Amino acid sequence: MRIKIFLMLFVVFSLTLNAQTKESSLPIVDDEVIFIENNGAIAVEAEYFYKQSKSKIRQWYITANDKKTKDKASNNGYIKILPDTRITHEDALVVGENFSNKAGELGILHYKVRINTPGRYYVWVRAYSTGSEDNGIHVGLNGQWPENGRRMQWCQGKNKWTWESKQRTKEEHCGVPQQIYLDFNQPGTHDIQFSMREDGFEFDKFILTKNINYIPKDEGLKVTTLWPLRSYYKQIAATVIENKTLPINDFPVNGTEFYKHASGKWLGINPNKHKEAETTTTFTFKNGNYDLVFVAVGENDGQSEFKISINGNTLGTFKPPLAKDVFEEGEKNNALWENVKLHKGDKITVSGQIASADGKEFARARWSGIIFTPVGKGKDVIKTPFKSNLEVVHNKIPDIIPPSGRIAVVADGNSPDPDDLGGTAVSIALLRAAGLEDRLVHYSHSCDLLRVNRISEKAEIERHAMMQSVCDVTARRWGGFDHLKFLDAKWDLDHTIKDLARAINASTASDPLWIIEAGEPDVIGFALAASDKDKHLFVKVVTHHPANDDAGDFYSWQQILDFGVEEVRIPDQNIKLKVNMEQWNWARDHKDSRLQQVWLYGKMAEVDDVVKFQKGKWDCSDAGMILYWITGANVHQGLKQGTVTDVKHILLNYITAQN
């Protein structure tokens, strides 16, 4: 089963459509976007309805933040049911038009949710009410409108976004708490509906929770979809391993007239404030000739125009074609300039100018970044299909089908980048959970042999200690590694080289050695130089990021390959394994202390005081190479870009089987 997800899932906050226009009432997601319940709770943005029904008399309209209050609508967008003809008590009440005490009669919104744990869920809604005639709504389930979903009421918290879960009764007009709920008798996908009670109602977000005592604060729980939104820019940027990228995050925003929106997915221009914008950054890569790919966004309300300049000289201009949808990404919205000569330090400038198709609504000159690819590969890059259809897998454990042979890992961790803390913990846990711990014949860390100035001597010493702790503690607690000594490469270099050379010398055609390059290549080079040349034919070096390949102080990547080993290169694992911290909450909150310990090491890297780019991120990217190997490598088509979900399923399956 393949599920289509609309690209506009998180872009509603960029809309400034007039609330009375037809377009602003259209859904920005479809019925295959499903919001998932986790631990007895689920949150949904109001603007993520997949359809409206019974909307001839009143419709809901998507609106961008326009409130003057300090608290803003969650996700910078909300919906309002219009027209609003009953603003005060003195205005005429017309039943079936501007008021409906009958649930499911007027202005129905539809949302798809996945319930894993059946039971009673209390309904909370975040609304903005200014008076007594815009403070009511009904909620229903699967086309039914139960009594305990009718007449949600707001009396307190006027003129600000306010959470409420009270039911209006004859005895209590301001509502009785804990009386608005829905009963889910079966797990699975359900349809949640809200219908109008009073026109003018402003609706930001809703939460379903099994906890009767739960009270939301601020913007409430984070919205979680069953299938994540894919980034087109990240996908196209990863198609060629040699690609160099300048995403929008590498361009300054302040003072440029551009602004970030769609959770930082694009840069754009607000037509209410500016008509054009310009931003400049520095080309930081090696001198050479490149094909330059500019990744823009097609829009249906005008054809914006972009100009790309290098050191003030215009390279070219590009105008994406008028799109059929509100936003459109893909081949025809990418510009290509071939064989462009660039030098490290060149200034790359992107200028944007908005346009309009009808003189009323304006495109916003949206774009997501620039890709520098080897000459001749630009055409292939821009033709990369956008795989927005995701393969849906329900709690499926990735197949554990490793290739023949043994595995060795060479990691750093003592360099300025602390990601090897989480990467090492996950790697050891994965090998144990896969039942392959006995095939790990070498594990060394701290392979950055020459300290750089970005990390002090004292801080580096701390890293050595932490890396040794990650290795020893994780191995002891997960078990199965008593045959192995985890080595500090820099502090015990001679022993490390001999140990890896010994593993190389034991290699045969039927029992090859797979070396995971999770750090600088120098230790691998020294071990190859110290081992038998006729064994190099049976050595395969797995790598995923050029940053490691080019970082050696004694050996270049080409010199490693010159030993006659096999290069096994997979895509950059940072794309799916360097994630926001909350994606690892399942390990933090699990009752098994081994998972808690794995999470703790990733958290230690996140709070590191040497680097800033780790903040907010849980990174086990190097463990992606372990995931690739245990699921087949290049012999059995292993997972070239595994996810946190894949790691989670393997580890949880192992723990469940033990219990």
# chains A, B, ... in the order shown; residues from 1 in each chain; ligands from 1

call {"tool": "select_by_dssp", "arguments": {"residues": "stretch 399-510 of chain A", "states": "helix (DSSP H, G or I)", "output": "ChimeraX atom specification"}}
result
/A:420-433,437-439,457-478,493-505

call {"tool": "residues_around", "arguments": {"residues": "A:Leu651", "least_positions_apart": "5", "cutoff": "9 Å", "atoms": "only C-alpha atoms", "output": "list in words"}}
result
Ala429, Leu430, Arg432, Ala433, Ala434, Leu595, Asp646 and Thr656 of chain A

call {"tool": "write_last_selection", "arguments": {"atoms": "all heavy atoms", "output": "compact mmCIF listing (two decimals), in the first residue's frame"}}
result
# COMPACT_ATOMS: atom_id res chain seq x y z
N ALA A 429 24.34 -1.54 20.20
CA ALA A 429 23.02 -2.09 20.51
C ALA A 429 22.44 -2.81 19.29
O ALA A 429 21.83 -3.89 19.42
CB ALA A 429 22.10 -0.98 20.98
N LEU A 430 22.61 -2.25 18.10
CA LEU A 430 22.08 -2.88 16.90
C LEU A 430 22.74 -4.23 16.63
O LEU A 430 22.06 -5.21 16.27
CB LEU A 430 22.28 -1.96 15.69
CG LEU A 430 21.29 -0.81 15.51
CD1 LEU A 430 21.73 0.08 14.36
CD2 LEU A 430 19.88 -1.32 15.27
N ARG A 432 24.07 -6.26 18.75
CA ARG A 432 23.58 -7.23 19.74
C ARG A 432 22.14 -7.64 19.42
O ARG A 432 21.80 -8.83 19.45
CB ARG A 432 23.66 -6.61 21.13
CG ARG A 432 23.07 -7.47 22.24
CD ARG A 432 23.73 -8.84 22.32
NE ARG A 432 23.37 -9.52 23.56
CZ ARG A 432 23.52 -10.82 23.77
NH1 ARG A 432 24.04 -11.59 22.82
NH2 ARG A 432 23.18 -11.36 24.92
N ALA A 433 21.29 -6.66 19.11
CA ALA A 433 19.88 -6.96 18.83
C ALA A 433 19.73 -7.82 17.58
O ALA A 433 18.80 -8.61 17.47
CB ALA A 433 19.09 -5.66 18.68
N ALA A 434 20.67 -7.67 16.64
CA ALA A 434 20.62 -8.46 15.42
C ALA A 434 21.25 -9.84 15.59
O ALA A 434 21.23 -10.66 14.67
CB ALA A 434 21.33 -7.71 14.29
N LEU A 595 17.76 1.03 26.89
CA LEU A 595 17.32 2.06 25.94
C LEU A 595 17.51 3.45 26.53
O LEU A 595 17.90 4.39 25.83
CB LEU A 595 15.86 1.84 25.56
CG LEU A 595 15.59 0.64 24.65
CD1 LEU A 595 14.09 0.47 24.43
CD2 LEU A 595 16.29 0.80 23.31
N ASP A 646 13.44 2.38 11.94
CA ASP A 646 14.08 1.08 11.72
C ASP A 646 14.90 0.66 12.95
O ASP A 646 14.84 -0.49 13.40
CB ASP A 646 14.99 1.14 10.50
CG ASP A 646 14.22 1.35 9.21
OD1 ASP A 646 13.17 0.73 9.04
OD2 ASP A 646 14.68 2.15 8.38
N THR A 656 11.61 -7.09 23.49
CA THR A 656 10.35 -7.82 23.67
C THR A 656 10.59 -9.33 23.68
O THR A 656 10.01 -10.06 24.49
CB THR A 656 9.36 -7.45 22.56
OG1 THR A 656 9.12 -6.05 22.59
CG2 THR A 656 8.04 -8.19 22.73

call {"tool": "residues_around", "arguments": {"residues": "A:Ile401", "least_positions_apart": "5", "cutoff": "7 Å", "atoms": "only C-alpha atoms", "output": "list in words"}}
result
Ile630, Thr631 and Gly632 of chain A

call {"tool": "write_last_selection", "arguments": {"atoms": "C-alpha atoms", "output": "PDB file, in the first residue's frame"}}
result
ATOM      1  CA  ILE A 630      23.088  -5.975   9.201  1.00  0.00           C
ATOM      2  CA  THR A 631      20.258  -5.629   6.650  1.00  0.00           C
ATOM      3  CA  GLY A 632      22.340  -6.920   3.754  1.00  0.00           C
TER       4      GLY A 632
END

call {"tool": "closest_residue", "arguments": {"among": "A:Tyr78, A:Leu208, A:Gln153, A:Asp412", "to": "A:Ala41", "atoms": "only C-alpha atoms"}}
result
A:Leu208

call {"tool": "residues_around", "arguments": {"residues": "A:Leu450", "least_positions_apart": "6", "cutoff": "12 Å", "atoms": "only C-alpha atoms", "output": "list in words"}}
result
Asp412, Asn414, Ser415, Pro416, Ser456, Glu457, Glu460, Ala489, Lys490, Trp491, Glu520, Asp522, Val523, Ala551, Gly552, Asp553 and Phe554 of chain A

call {"tool": "write_last_selection", "arguments": {"atoms": "N, CA and C atoms", "output": "PDB file, in the first residue's frame"}}
result
ATOM      1  N   ASP A 412      35.589   8.151  15.381  1.00  0.00           N
ATOM      2  CA  ASP A 412      36.372   9.211  16.034  1.00  0.00           C
ATOM      3  C   ASP A 412      35.724   9.536  17.384  1.00  0.00           C
ATOM      4  N   ASN A 414      36.586  12.029  19.381  1.00  0.00           N
ATOM      5  CA  ASN A 414      37.432  12.979  20.113  1.00  0.00           C
ATOM      6  C   ASN A 414      37.636  14.263  19.321  1.00  0.00           C
ATOM      7  N   SER A 415      37.009  14.346  18.138  1.00  0.00           N
ATOM      8  CA  SER A 415      37.080  15.550  17.313  1.00  0.00           C
ATOM      9  C   SER A 415      35.999  16.523  17.772  1.00  0.00           C
ATOM     10  N   PRO A 416      35.889  17.695  17.165  1.00  0.00           N
ATOM     11  CA  PRO A 416      34.860  18.639  17.607  1.00  0.00           C
ATOM     12  C   PRO A 416      33.429  18.127  17.455  1.00  0.00           C
ATOM     13  N   SER A 456      39.617  22.168  22.702  1.00  0.00           N
ATOM     14  CA  SER A 456      40.763  22.322  23.597  1.00  0.00           C
ATOM     15  C   SER A 456      41.304  20.960  24.006  1.00  0.00           C
ATOM     16  N   GLU A 457      42.509  20.975  24.541  1.00  0.00           N
ATOM     17  CA  GLU A 457      43.125  19.722  24.987  1.00  0.00           C
ATOM     18  C   GLU A 457      42.309  19.086  26.102  1.00  0.00           C
ATOM     19  N   GLU A 460      39.108  17.593  24.694  1.00  0.00           N
ATOM     20  CA  GLU A 460      39.368  16.365  23.954  1.00  0.00           C
ATOM     21  C   GLU A 460      39.595  15.196  24.912  1.00  0.00           C
ATOM     22  N   ALA A 489      42.085   4.705  19.826  1.00  0.00           N
ATOM     23  CA  ALA A 489      43.054   4.693  18.729  1.00  0.00           C
ATOM     24  C   ALA A 489      44.201   5.665  18.947  1.00  0.00           C
ATOM     25  N   LYS A 490      43.914   6.848  19.438  1.00  0.00           N
ATOM     26  CA  LYS A 490      44.963   7.853  19.592  1.00  0.00           C
ATOM     27  C   LYS A 490      45.877   7.527  20.765  1.00  0.00           C
ATOM     28  N   TRP A 491      45.299   7.107  21.872  1.00  0.00           N
ATOM     29  CA  TRP A 491      46.090   6.842  23.071  1.00  0.00           C
ATOM     30  C   TRP A 491      46.733   5.461  23.074  1.00  0.00           C
ATOM     31  N   GLU A 520      37.992   9.611  10.732  1.00  0.00           N
ATOM     32  CA  GLU A 520      39.069   9.856   9.772  1.00  0.00           C
ATOM     33  C   GLU A 520      39.691   8.527   9.308  1.00  0.00           C
ATOM     34  N   ASP A 522      42.797   7.590   8.747  1.00  0.00           N
ATOM     35  CA  ASP A 522      44.212   7.326   9.001  1.00  0.00           C
ATOM     36  C   ASP A 522      44.478   5.958   9.622  1.00  0.00           C
ATOM     37  N   VAL A 523      43.694   5.585  10.646  1.00  0.00           N
ATOM     38  CA  VAL A 523      43.906   4.288  11.298  1.00  0.00           C
ATOM     39  C   VAL A 523      43.726   3.152  10.291  1.00  0.00           C
ATOM     40  N   ALA A 551      39.265  14.068   5.653  1.00  0.00           N
ATOM     41  CA  ALA A 551      39.751  14.645   6.906  1.00  0.00           C
ATOM     42  C   ALA A 551      41.061  14.038   7.400  1.00  0.00           C
ATOM     43  N   GLY A 552      41.594  13.070   6.705  1.00  0.00           N
ATOM     44  CA  GLY A 552      42.791  12.407   7.191  1.00  0.00           C
ATOM     45  C   GLY A 552      44.006  13.312   7.255  1.00  0.00           C
ATOM     46  N   ASP A 553      44.820  13.104   8.274  1.00  0.00           N
ATOM     47  CA  ASP A 553      46.070  13.852   8.408  1.00  0.00           C
ATOM     48  C   ASP A 553      47.247  13.111   7.785  1.00  0.00           C
ATOM     49  N   PHE A 554      47.081  11.796   7.590  1.00  0.00           N
ATOM     50  CA  PHE A 554      48.175  10.979   7.067  1.00  0.00           C
ATOM     51  C   PHE A 554      47.801  10.231   5.784  1.00  0.00           C
TER      52      PHE A 554
END

call {"tool": "closest_residue", "arguments": {"among": "A:Ser129, A:Thr189, A:Asn272, A:Asn289", "to": "A:Asn339", "atoms": "only C-alpha atoms"}}
result
A:Asn289

call {"tool": "closest_residue", "arguments": {"among": "A:Arg476, A:Lys158, A:Lys80, A:Arg120", "to": "A:Thr209", "atoms": "only C-alpha atoms"}}
result
A:Arg120

call {"tool": "closest_residue", "arguments": {"among": "A:Asp399, A:Glu164, A:Glu45, A:Glu299", "to": "A:Glu328", "atoms": "only C-alpha atoms"}}
result
A:Glu299

call {"tool": "closest_residue", "arguments": {"among": "A:Leu652, A:Ile397, A:Val350, A:Leu561", "to": "A:Thr543", "atoms": "only C-alpha atoms"}}
result
A:Leu561
